[in-house]
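target-v2.cif (mmCIF, C-alpha atoms)
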data_upload
#
loop_
_atom_site.group_PDB
_atom_site.id
_atom_site.type_symbol
_atom_site.label_atom_id
_atom_site.label_comp_id
_atom_site.auth_asym_id
_atom_site.auth_seq_id
_atom_site.Cartn_x
_atom_site.Cartn_y
_atom_site.Cartn_z
ATOM 1 C CA MET A 1 -13.054 126.610 78.811
ATOM 2 C CA ASP A 2 -16.416 125.718 80.265
ATOM 3 C CA GLY A 3 -18.131 122.428 79.649
ATOM 4 C CA GLY A 4 -20.867 123.948 77.498
ATOM 5 C CA ASN A 5 -18.424 125.363 74.975
ATOM 6 C CA CYS A 6 -16.351 122.175 74.906
ATOM 7 C CA SER A 7 -19.376 120.094 73.931
ATOM 8 C CA ALA A 8 -20.013 122.275 70.866
ATOM 9 C CA VAL A 9 -17.833 120.230 68.493
ATOM 10 C CA SER A 10 -19.682 117.031 67.570
ATOM 11 C CA GLU A 11 -18.267 116.574 64.066
ATOM 12 C CA PHE A 12 -15.167 117.444 62.077
ATOM 13 C CA LEU A 13 -14.985 119.106 58.682
ATOM 14 C CA LEU A 14 -12.435 117.318 56.520
ATOM 15 C CA LEU A 15 -10.718 119.654 54.069
ATOM 16 C CA GLY A 16 -9.860 116.740 51.798
ATOM 17 C CA LEU A 17 -7.236 116.761 49.072
ATOM 18 C CA THR A 18 -8.293 119.431 46.581
ATOM 19 C CA ASN A 19 -11.123 121.768 45.579
ATOM 20 C CA SER A 20 -10.483 121.466 41.849
ATOM 21 C CA TRP A 21 -13.311 119.574 40.071
ATOM 22 C CA GLU A 22 -11.001 118.272 37.323
ATOM 23 C CA ILE A 23 -8.440 116.933 39.813
ATOM 24 C CA GLN A 24 -11.249 115.370 41.881
ATOM 25 C CA ILE A 25 -12.408 113.375 38.846
ATOM 26 C CA LEU A 26 -8.850 112.149 38.219
ATOM 27 C CA LEU A 27 -8.461 111.243 41.904
ATOM 28 C CA PHE A 28 -11.803 109.427 41.856
ATOM 29 C CA LEU A 29 -10.664 107.269 38.925
ATOM 30 C CA PHE A 30 -7.213 106.705 40.465
ATOM 31 C CA PHE A 31 -8.495 105.793 43.940
ATOM 32 C CA THR A 32 -11.311 103.591 42.636
ATOM 33 C CA VAL A 33 -9.002 101.587 40.358
ATOM 34 C CA PHE A 34 -6.413 101.066 43.087
ATOM 35 C CA TYR A 35 -9.009 100.240 45.754
ATOM 36 C CA VAL A 36 -10.809 97.652 43.609
ATOM 37 C CA ALA A 37 -7.492 96.164 42.441
ATOM 38 C CA SER A 38 -6.213 96.013 46.019
ATOM 39 C CA MET A 39 -9.347 94.290 47.321
ATOM 40 C CA LEU A 40 -9.509 91.800 44.449
ATOM 41 C CA GLY A 41 -5.773 91.074 44.593
ATOM 42 C CA ASN A 42 -5.698 90.428 48.335
ATOM 43 C CA LEU A 43 -8.919 88.396 48.313
ATOM 44 C CA LEU A 44 -7.549 86.358 45.398
ATOM 45 C CA ILE A 45 -4.433 85.527 47.441
ATOM 46 C CA VAL A 46 -6.575 84.440 50.417
ATOM 47 C CA LEU A 47 -8.862 82.325 48.195
ATOM 48 C CA THR A 48 -5.911 80.756 46.344
ATOM 49 C CA ILE A 49 -4.125 79.773 49.551
ATOM 50 C CA ILE A 50 -7.302 78.345 51.117
ATOM 51 C CA SER A 51 -8.281 76.339 48.023
ATOM 52 C CA ASP A 52 -4.852 74.947 47.052
ATOM 53 C CA HIS A 53 -3.449 72.236 49.336
ATOM 54 C CA HIS A 54 0.046 72.822 47.895
ATOM 55 C CA LEU A 55 0.038 76.180 49.735
ATOM 56 C CA HIS A 56 -1.030 74.810 53.109
ATOM 57 C CA SER A 57 2.253 75.716 54.793
ATOM 58 C CA PRO A 58 3.148 78.188 57.568
ATOM 59 C CA MET A 59 4.554 80.775 55.147
ATOM 60 C CA TYR A 60 1.390 80.907 53.031
ATOM 61 C CA PHE A 61 -0.843 80.764 56.106
ATOM 62 C CA LEU A 62 0.835 83.961 57.308
ATOM 63 C CA LEU A 63 0.674 85.478 53.820
ATOM 64 C CA ALA A 64 -3.087 84.828 53.663
ATOM 65 C CA ASN A 65 -3.495 86.635 56.974
ATOM 66 C CA LEU A 66 -1.373 89.550 55.731
ATOM 67 C CA SER A 67 -3.631 89.843 52.668
ATOM 68 C CA PHE A 68 -6.731 89.667 54.877
ATOM 69 C CA ILE A 69 -5.352 92.488 57.044
ATOM 70 C CA ASP A 70 -4.558 94.528 53.923
ATOM 71 C CA THR A 71 -8.215 94.365 52.861
ATOM 72 C CA GLY A 72 -8.947 96.041 56.199
ATOM 73 C CA VAL A 73 -6.203 98.638 55.704
ATOM 74 C CA SER A 74 -7.720 99.534 52.317
ATOM 75 C CA SER A 75 -11.287 99.697 53.598
ATOM 76 C CA ILE A 76 -10.975 101.828 56.734
ATOM 77 C CA ALA A 77 -10.571 105.249 55.107
ATOM 78 C CA THR A 78 -10.546 104.776 51.315
ATOM 79 C CA PRO A 79 -14.308 104.254 50.612
ATOM 80 C CA LYS A 80 -15.203 107.432 52.532
ATOM 81 C CA MET A 81 -12.343 109.290 50.839
ATOM 82 C CA ILE A 82 -13.724 108.295 47.409
ATOM 83 C CA PHE A 83 -17.296 109.182 48.435
ATOM 84 C CA ASP A 84 -16.220 112.562 49.862
ATOM 85 C CA LEU A 85 -14.548 113.656 46.617
ATOM 86 C CA PHE A 86 -17.972 114.689 45.272
ATOM 87 C CA ARG A 87 -19.337 116.120 48.508
ATOM 88 C CA LYS A 88 -19.137 119.855 49.019
ATOM 89 C CA ARG A 89 -19.148 119.465 52.805
ATOM 90 C CA LYS A 90 -16.959 116.574 53.913
ATOM 91 C CA VAL A 91 -17.823 115.807 57.526
ATOM 92 C CA ILE A 92 -17.248 112.972 59.972
ATOM 93 C CA SER A 93 -18.852 112.653 63.394
ATOM 94 C CA MET A 94 -16.819 112.538 66.589
ATOM 95 C CA LYS A 95 -17.730 108.853 67.077
ATOM 96 C CA GLY A 96 -16.902 108.097 63.445
ATOM 97 C CA CYS A 97 -13.543 109.814 63.801
ATOM 98 C CA ILE A 98 -12.637 107.863 66.954
ATOM 99 C CA THR A 99 -13.828 104.595 65.353
ATOM 100 C CA GLN A 100 -11.675 105.267 62.292
ATOM 101 C CA MET A 101 -8.590 105.916 64.443
ATOM 102 C CA PHE A 102 -9.266 102.778 66.489
ATOM 103 C CA PHE A 103 -9.360 100.503 63.435
ATOM 104 C CA ILE A 104 -6.423 102.220 61.701
ATOM 105 C CA HIS A 105 -4.129 101.585 64.643
ATOM 106 C CA THR A 106 -5.511 98.142 65.531
ATOM 107 C CA VAL A 107 -4.968 96.861 62.008
ATOM 108 C CA GLY A 108 -1.686 98.759 61.605
ATOM 109 C CA GLY A 109 -0.271 97.445 64.883
ATOM 110 C CA THR A 110 -1.360 93.912 63.985
ATOM 111 C CA GLU A 111 0.390 94.129 60.615
ATOM 112 C CA MET A 112 3.609 95.319 62.268
ATOM 113 C CA VAL A 113 3.734 92.271 64.526
ATOM 114 C CA LEU A 114 2.668 89.948 61.697
ATOM 115 C CA LEU A 115 5.605 91.156 59.584
ATOM 116 C CA ILE A 116 7.925 90.268 62.489
ATOM 117 C CA VAL A 117 6.300 86.819 62.662
ATOM 118 C CA MET A 118 6.834 86.402 58.905
ATOM 119 C CA ALA A 119 10.504 87.362 59.335
ATOM 120 C CA TYR A 120 10.829 84.738 62.087
ATOM 121 C CA ASP A 121 9.176 82.194 59.786
ATOM 122 C CA ARG A 122 11.781 82.916 57.093
ATOM 123 C CA TYR A 123 14.576 82.651 59.684
ATOM 124 C CA VAL A 124 13.421 79.178 60.724
ATOM 125 C CA ALA A 125 12.872 78.068 57.103
ATOM 126 C CA ILE A 126 16.314 79.223 55.946
ATOM 127 C CA CYS A 127 18.482 78.636 59.017
ATOM 128 C CA LYS A 128 16.726 75.592 60.545
ATOM 129 C CA PRO A 129 15.063 73.828 57.598
ATOM 130 C CA LEU A 130 15.042 70.364 59.221
ATOM 131 C CA HIS A 131 13.044 71.661 62.209
ATOM 132 C CA TYR A 132 10.840 74.072 60.255
ATOM 133 C CA LEU A 133 7.545 72.164 60.355
ATOM 134 C CA SER A 134 7.951 71.186 64.004
ATOM 135 C CA ILE A 135 8.747 74.765 65.097
ATOM 136 C CA MET A 136 6.222 76.524 62.827
ATOM 137 C CA SER A 137 3.331 74.162 63.502
ATOM 138 C CA LEU A 138 -0.268 75.231 62.908
ATOM 139 C CA ARG A 139 -0.736 75.707 66.649
ATOM 140 C CA MET A 140 2.332 77.972 66.797
ATOM 141 C CA CYS A 141 1.128 79.985 63.782
ATOM 142 C CA ILE A 142 -2.297 80.541 65.355
ATOM 143 C CA PHE A 143 -0.656 81.480 68.667
ATOM 144 C CA LEU A 144 1.624 84.041 66.953
ATOM 145 C CA LEU A 145 -1.325 85.414 64.996
ATOM 146 C CA ALA A 146 -3.294 85.841 68.243
ATOM 147 C CA ILE A 147 -0.332 87.733 69.732
ATOM 148 C CA ALA A 148 -0.275 90.011 66.663
ATOM 149 C CA TRP A 149 -3.978 90.906 66.979
ATOM 150 C CA THR A 150 -3.732 91.355 70.744
ATOM 151 C CA THR A 151 -0.728 93.670 70.360
ATOM 152 C CA GLY A 152 -2.539 95.709 67.695
ATOM 153 C CA LEU A 153 -5.588 96.048 69.942
ATOM 154 C CA ILE A 154 -3.506 97.123 72.959
ATOM 155 C CA HIS A 155 -1.533 99.587 70.809
ATOM 156 C CA SER A 156 -4.761 101.218 69.581
ATOM 157 C CA VAL A 157 -6.622 101.273 72.899
ATOM 158 C CA ALA A 158 -3.565 102.658 74.721
ATOM 159 C CA GLN A 159 -3.576 105.733 72.465
ATOM 160 C CA LEU A 160 -7.339 106.191 72.437
ATOM 161 C CA ALA A 161 -7.426 106.157 76.244
ATOM 162 C CA PHE A 162 -5.448 109.427 76.262
ATOM 163 C CA VAL A 163 -7.378 111.297 73.565
ATOM 164 C CA VAL A 164 -10.987 110.067 73.716
ATOM 165 C CA ASN A 165 -11.965 112.630 76.397
ATOM 166 C CA LEU A 166 -10.105 115.630 74.959
ATOM 167 C CA PRO A 167 -12.131 118.885 74.974
ATOM 168 C CA PHE A 168 -12.941 120.334 71.531
ATOM 169 C CA CYS A 169 -14.347 123.845 71.611
ATOM 170 C CA GLY A 170 -12.578 125.744 68.843
ATOM 171 C CA THR A 171 -12.223 124.990 65.153
ATOM 172 C CA ASN A 172 -13.425 121.649 63.803
ATOM 173 C CA ARG A 173 -11.606 121.946 60.438
ATOM 174 C CA MET A 174 -9.209 119.013 59.923
ATOM 175 C CA ASP A 175 -6.731 119.395 57.074
ATOM 176 C CA SER A 176 -6.945 115.776 55.978
ATOM 177 C CA PHE A 177 -9.249 113.250 54.288
ATOM 178 C CA TYR A 178 -9.440 110.919 57.310
ATOM 179 C CA CYS A 179 -8.993 110.984 61.091
ATOM 180 C CA ASP A 180 -5.688 110.229 62.751
ATOM 181 C CA PHE A 181 -4.115 111.154 66.066
ATOM 182 C CA PRO A 182 -1.685 113.949 65.010
ATOM 183 C CA ARG A 183 -4.334 116.166 63.381
ATOM 184 C CA PHE A 184 -7.060 115.118 65.851
ATOM 185 C CA ILE A 185 -4.962 116.191 68.869
ATOM 186 C CA LYS A 186 -4.049 119.527 67.269
ATOM 187 C CA LEU A 187 -7.728 120.584 67.325
ATOM 188 C CA ALA A 188 -8.123 120.083 71.103
ATOM 189 C CA CYS A 189 -8.456 123.255 73.169
ATOM 190 C CA THR A 190 -5.917 122.276 75.803
ATOM 191 C CA ASP A 191 -2.165 121.894 76.123
ATOM 192 C CA THR A 192 -1.354 118.793 74.042
ATOM 193 C CA TYR A 193 2.456 118.720 74.280
ATOM 194 C CA ARG A 194 2.514 115.561 76.415
ATOM 195 C CA LEU A 195 -0.075 113.846 74.216
ATOM 196 C CA GLU A 196 1.965 114.715 71.134
ATOM 197 C CA PHE A 197 4.985 113.096 72.744
ATOM 198 C CA LEU A 198 2.967 109.989 73.703
ATOM 199 C CA VAL A 199 1.664 109.555 70.155
ATOM 200 C CA THR A 200 5.190 109.982 68.788
ATOM 201 C CA ALA A 201 6.538 107.453 71.284
ATOM 202 C CA ASN A 202 3.716 104.966 70.739
ATOM 203 C CA SER A 203 3.303 105.036 66.961
ATOM 204 C CA GLY A 204 6.487 106.655 65.699
ATOM 205 C CA PHE A 205 9.139 104.966 67.769
ATOM 206 C CA ILE A 206 7.365 101.601 67.630
ATOM 207 C CA SER A 207 7.228 101.871 63.816
ATOM 208 C CA MET A 208 10.888 102.852 63.618
ATOM 209 C CA GLY A 209 11.956 100.222 66.168
ATOM 210 C CA THR A 210 10.018 97.461 64.424
ATOM 211 C CA PHE A 211 11.475 98.487 61.066
ATOM 212 C CA PHE A 212 15.056 98.277 62.336
ATOM 213 C CA ILE A 213 14.356 94.940 64.068
ATOM 214 C CA LEU A 214 13.068 93.530 60.780
ATOM 215 C CA ILE A 215 15.993 94.840 58.722
ATOM 216 C CA ALA A 216 18.457 93.540 61.347
ATOM 217 C CA SER A 217 16.770 90.109 61.280
ATOM 218 C CA TYR A 218 17.065 89.931 57.475
ATOM 219 C CA VAL A 219 20.745 90.902 57.647
ATOM 220 C CA PHE A 220 21.316 88.250 60.334
ATOM 221 C CA ILE A 221 19.664 85.596 58.138
ATOM 222 C CA LEU A 222 21.824 86.542 55.151
ATOM 223 C CA VAL A 223 25.037 86.557 57.228
ATOM 224 C CA THR A 224 24.150 83.143 58.693
ATOM 225 C CA VAL A 225 23.462 81.705 55.243
ATOM 226 C CA HIS A 226 26.675 83.206 53.833
ATOM 227 C CA LYS A 227 28.778 81.685 56.626
ATOM 228 C CA ARG A 228 27.197 78.286 56.121
ATOM 229 C CA SER A 229 27.273 78.192 52.330
ATOM 230 C CA SER A 230 27.905 81.144 50.019
ATOM 231 C CA GLY A 231 26.092 79.281 47.228
ATOM 232 C CA ASP A 232 22.794 79.497 49.130
ATOM 233 C CA LEU A 233 23.061 83.283 49.484
ATOM 234 C CA SER A 234 21.344 84.065 46.165
ATOM 235 C CA LYS A 235 18.448 81.737 47.061
ATOM 236 C CA ALA A 236 18.062 83.417 50.466
ATOM 237 C CA LEU A 237 18.157 86.865 48.826
ATOM 238 C CA SER A 238 15.428 85.788 46.417
ATOM 239 C CA THR A 239 13.291 84.482 49.287
ATOM 240 C CA LEU A 240 13.712 87.621 51.404
ATOM 241 C CA SER A 241 13.426 90.220 48.644
ATOM 242 C CA ALA A 242 9.604 90.212 48.700
ATOM 243 C CA HIS A 243 9.551 90.583 52.492
ATOM 244 C CA VAL A 244 12.046 93.465 52.469
ATOM 245 C CA THR A 245 10.059 95.288 49.771
ATOM 246 C CA VAL A 246 6.803 94.939 51.720
ATOM 247 C CA VAL A 247 8.501 96.150 54.928
ATOM 248 C CA VAL A 248 9.939 99.249 53.221
ATOM 249 C CA PHE A 249 6.586 100.100 51.595
ATOM 250 C CA PHE A 250 4.726 99.688 54.893
ATOM 251 C CA PHE A 251 7.101 101.330 57.369
ATOM 252 C CA GLY A 252 8.492 104.173 55.245
ATOM 253 C CA PRO A 253 5.355 106.376 55.359
ATOM 254 C CA CYS A 254 4.569 105.351 58.979
ATOM 255 C CA ILE A 255 7.967 106.503 60.236
ATOM 256 C CA ILE A 256 7.792 109.863 58.446
ATOM 257 C CA VAL A 257 4.192 110.601 59.514
ATOM 258 C CA TYR A 258 4.520 109.579 63.170
ATOM 259 C CA VAL A 259 8.116 110.331 64.129
ATOM 260 C CA TRP A 260 7.814 113.979 63.063
ATOM 261 C CA PRO A 261 4.048 114.560 63.213
ATOM 262 C CA PHE A 262 4.030 117.979 64.927
ATOM 263 C CA PRO A 263 3.793 120.215 63.023
ATOM 264 C CA THR A 264 2.391 117.985 60.296
ATOM 265 C CA LEU A 265 4.337 117.933 57.059
ATOM 266 C CA PRO A 266 2.883 119.009 53.670
ATOM 267 C CA ILE A 267 3.738 115.547 52.333
ATOM 268 C CA ASP A 268 1.615 113.842 55.026
ATOM 269 C CA LYS A 269 -1.443 113.535 52.786
ATOM 270 C CA PHE A 270 0.516 111.832 50.020
ATOM 271 C CA LEU A 271 2.100 109.435 52.520
ATOM 272 C CA ALA A 272 -1.311 108.691 54.039
ATOM 273 C CA ILE A 273 -2.682 107.811 50.575
ATOM 274 C CA PHE A 274 0.390 105.667 49.946
ATOM 275 C CA ASP A 275 -0.060 103.784 53.235
ATOM 276 C CA ALA A 276 -3.831 103.350 52.958
ATOM 277 C CA LEU A 277 -4.083 102.519 49.260
ATOM 278 C CA ILE A 278 -0.809 101.894 47.428
ATOM 279 C CA THR A 279 0.866 99.556 49.956
ATOM 280 C CA PRO A 280 -2.121 97.132 50.211
ATOM 281 C CA PHE A 281 -2.197 97.121 46.395
ATOM 282 C CA MET A 282 1.541 96.431 46.110
ATOM 283 C CA ASN A 283 1.583 93.475 48.515
ATOM 284 C CA PRO A 284 -0.388 91.080 46.248
ATOM 285 C CA VAL A 285 1.613 92.306 43.236
ATOM 286 C CA ILE A 286 4.903 91.538 45.021
ATOM 287 C CA TYR A 287 3.886 88.146 46.383
ATOM 288 C CA THR A 288 2.173 86.856 43.224
ATOM 289 C CA PHE A 289 5.556 87.002 41.456
ATOM 290 C CA ARG A 290 6.411 83.836 43.374
ATOM 291 C CA ASN A 291 6.355 80.743 41.150
ATOM 292 C CA LYS A 292 4.242 78.731 43.595
ATOM 293 C CA MET A 293 1.602 81.466 43.801
ATOM 294 C CA LYS A 294 1.454 81.893 40.008
ATOM 295 C CA VAL A 295 1.036 78.137 39.479
ATOM 296 C CA ALA A 296 -1.614 77.933 42.222
ATOM 297 C CA MET A 297 -3.555 80.844 40.711
ATOM 298 C CA ARG A 298 -3.475 79.178 37.298
ATOM 299 C CA ARG A 299 -4.854 75.993 38.882
ATOM 300 C CA LEU A 300 -7.583 78.031 40.572
ATOM 301 C CA PHE A 301 -8.570 79.750 37.310
ATOM 302 C CA VAL A 302 -8.637 76.411 35.471
ATOM 303 C CA LYS A 303 -10.791 74.930 38.243
ATOM 304 C CA VAL A 304 -13.217 77.865 38.108
ATOM 305 C CA LEU A 305 -13.430 77.760 34.285
ATOM 306 C CA THR A 306 -14.001 73.998 34.331
ATOM 307 C CA SER A 307 -16.806 74.424 36.860
ATOM 308 C CA PHE A 308 -18.445 77.115 34.715
ATOM 309 C CA ARG A 309 -18.201 74.940 31.602
ATOM 310 C CA LYS A 310 -19.704 71.939 33.396
ATOM 311 C CA SER A 311 -22.584 73.992 34.755
ATOM 312 C CA ALA A 312 -23.157 75.549 31.304
ATOM 313 C CA LEU A 313 -23.198 72.103 29.651
ATOM 314 C CA MET A 314 -25.599 70.753 32.275
ATOM 315 C CA HIS A 315 -27.862 73.767 31.794
ATOM 316 C CA SER A 316 -27.877 73.411 27.997
ATOM 317 C CA SER A 317 -28.551 69.631 28.179
ATOM 318 C CA ARG A 318 -31.508 70.245 30.491
ATOM 319 C CA ASN A 319 -32.885 72.834 28.084
ATOM 320 C CA SER A 320 -32.516 70.435 25.108
ATOM 321 C CA ASP A 321 -34.365 67.706 27.040
#
Could you express the structure from this file as structure tokens?
Amino acid sequence: MDGGNCSAVSEFLLLGLTNSWEIQILLFLFFTVFYVASMLGNLLIVLTIISDHHLHSPMYFLLANLSFIDTGVSSIATPKMIFDLFRKRKVISMKGCITQMFFIHTVGGTEMVLLIVMAYDRYVAICKPLHYLSIMSLRMCIFLLAIAWTTGLIHSVAQLAFVVNLPFCGTNRMDSFYCDFPRFIKLACTDTYRLEFLVTANSGFISMGTFFILIASYVFILVTVHKRSSGDLSKALSTLSAHVTVVVFFFGPCIIVYVWPFPTLPIDKFLAIFDALITPFMNPVIYTFRNKMKVAMRRLFVKVLTSFRKSALMHSSRNSD
């Protein structure tokens, strides 16, 4: 392929999810509701943890950061997906496609490491409660958070370095609603077998490895608690249940999409929607079931209502004067 032909592709045509107008309207309502609920839910968790001094602990510090990351997960592809539902020609530029992939894998890689950090936090809290605050100090939490973001950045840049200069000179039709490495690589007009393997090794095996590390760590915590005192096992199970649920929701689709990405599976689109929209929505739902979070949110609502009432009374008294 000569250089002139390879420079022909400057944008990609996204085939989206469906061509049916009726289904598009239903999807628009579904995606909009879940996106708004996800953003509000995660931002509410962040605001609640920041404003309530009862939640100024390592566990809730990490939870606030998880919710902040989930707002990013929701916002990378979903707004464009919603906007494109009513566009006849759904296109994304080459730069836009690469930018989307960069943020997807930066944020995704960061969340993977953050979930490991949260598992370590639960290990220290359950197995070494007397040393918890000294081990999980604010400095340590910030250090672990910096490691998570650095790892996510390296994970993303390492993959982009191999694909950013791929030649595209054939079809530009991408059977998806967003850009990601498996479908992006398939459109290159060159032998991509090695790149396919690298993507599988980088994203797929890392996802699967991280998932098994997390599950093994939870099992280790439960075994340790059971050996020490069988009566504490139910309390440990209650504490870890939210974490295990979040891990399964997050890693399930990732493992299926990236471990067997070539050829792409028909279920890939559903899993991509699940990972980009449903999982960030589920996280605040799961974590707000905690008693401390529910009480803190009630306090926040009471505080906000009291402030509104005071301002309304002041405004009415000024008007009467």
## Note on the structure
Computed gap from CA of Met136 in chain A to CA of Val223 in chain A is 22.0 Å
### Distance of CA of Phe12 in chain A from CA of Val91 in chain A, expressed in Å to one decimal place
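Value for the CA of Val91 in chain A-CA of Phe12 in chain A distance: 5.5 Å.
For Arg299 in chain A, the set of protein, DNA and RNA residues having any atom at most 10 Å away, when counting all atoms listed in the file and skipping those fewer than 6 positions along the same chain, is Thr48, Ser51, Asp52, Met293 and Leu305 of chain A.
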### Query
For Gly108 in chain A, which residue among A:Phe168, A:Phe61, A:Phe250, A:Tyr218 is the nearest when counting only C-alpha atoms?
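Closest to Gly108 in chain A of all the choices is A:Phe250.
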### Task
Would you translate the PyMOL selection byres ((chain A and resi 259) around 9) into the concrete set of residues it matches in this file, as a list in words?
Val199, Thr200, Ala201, Ser203, Gly204, Phe205, Ser207, Met208, Cys254, Ile255, Ile256, Val257, Tyr258, Trp260, Pro261 and Phe262 of chain A
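Reported to one decimal place, the separation of CA of Val36 in chain A from CA of Phe281 in chain A is 9.1 Å.
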### Query
Which polymer residues have any atom within 8 Å of an atom of Ile286 in chain A, counting only C-alpha atoms, with same-chain residues fewer than 5 positions away left out, as a list in words?
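Once the adjacent positions are removed, what remains is Ala242, Thr245 and Val246 of chain A.
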Show me a table, sorted first by chain and then by increasing residue number, of the residues of range 135-245 of chain A having an atom at most 12 Å from range 68-72 of chain A, each with its shortest atom pair and the distance in Å to one decimal, counting all atoms listed in the file and written as a Markdown table.
| residue | atom | partner | partner_atom | distance |
| --- | --- | --- | --- | --- |
| A:Leu145 | CA | A:Ile69 | CA | 11.4 |
| A:Ala148 | CA | A:Ile69 | CA | 11.2 |
| A:Trp149 | CA | A:Ile69 | CA | 10.2 |
| A:Gly152 | CA | A:Ile69 | CA | 11.5 |
### Query
Looking at all atoms listed in the file, which of A:Trp21, A:Phe143, A:Phe102, A:Tyr35 is the one that sits closest to Arg87 in chain A?
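With all atoms listed in the file as the atom set, the closest residue is A:Trp21.
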### Query
Hey, what's within 12 Å of Ala125 in chain A if we count all atoms listed in the file and toss same-chain stuff fewer than 3 positions away? As a ChimeraX atom specification, please?
/A:57-59,118-122,128-136,221,225,236,239-240
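What the PyMOL selection byres ((chain A and resi 224) around 12) picks from this file is Tyr123, Val124, Ile126, Cys127, Lys128, Ser217, Tyr218, Val219, Phe220, Ile221, Leu222, Val223, Val225, His226, Lys227, Arg228, Ser229, Ser230, Asp232, Leu233 and Ala236 of chain A.
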### Task
Convert the output of the PyMOL selection byres ((chain A and resi 162) around 12) on the shown file into explicit residues, formatted as a list in words.
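Expected selection for the PyMOL selection byres ((chain A and resi 162) around 12) here is Ile98, His155, Ser156, Val157, Ala158, Gln159, Leu160, Ala161, Val163, Val164, Asn165, Leu166, Pro167, Phe181, Phe184, Ile185, Thr192, Arg194, Leu195, Glu196, Phe197, Leu198, Val199 and Asn202 of chain A.
Distance check against Val46 in chain A using only C-alpha atoms: of A:Ser241, A:Ala64, A:Leu271, A:Phe212, the minimum falls on A:Ala64.
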### Task
Would you mind listing what lies within 9 Å of Leu144 in chain A as a list in words, with only C-alpha atoms counted and same-chain residues fewer than 4 positions away left out?
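Contacts, in chain order: Val113, Leu114, Val117, Arg139, Met140, Ala148 and Trp149 of chain A.
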### Message
Just checking: using all atoms listed in the file, which residue out of A:His243, A:Lys80, A:Lys303, A:Lys95 ends up closest to Pro284 in chain A?
### Response
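Closest to Pro284 in chain A of all the choices is A:His243.
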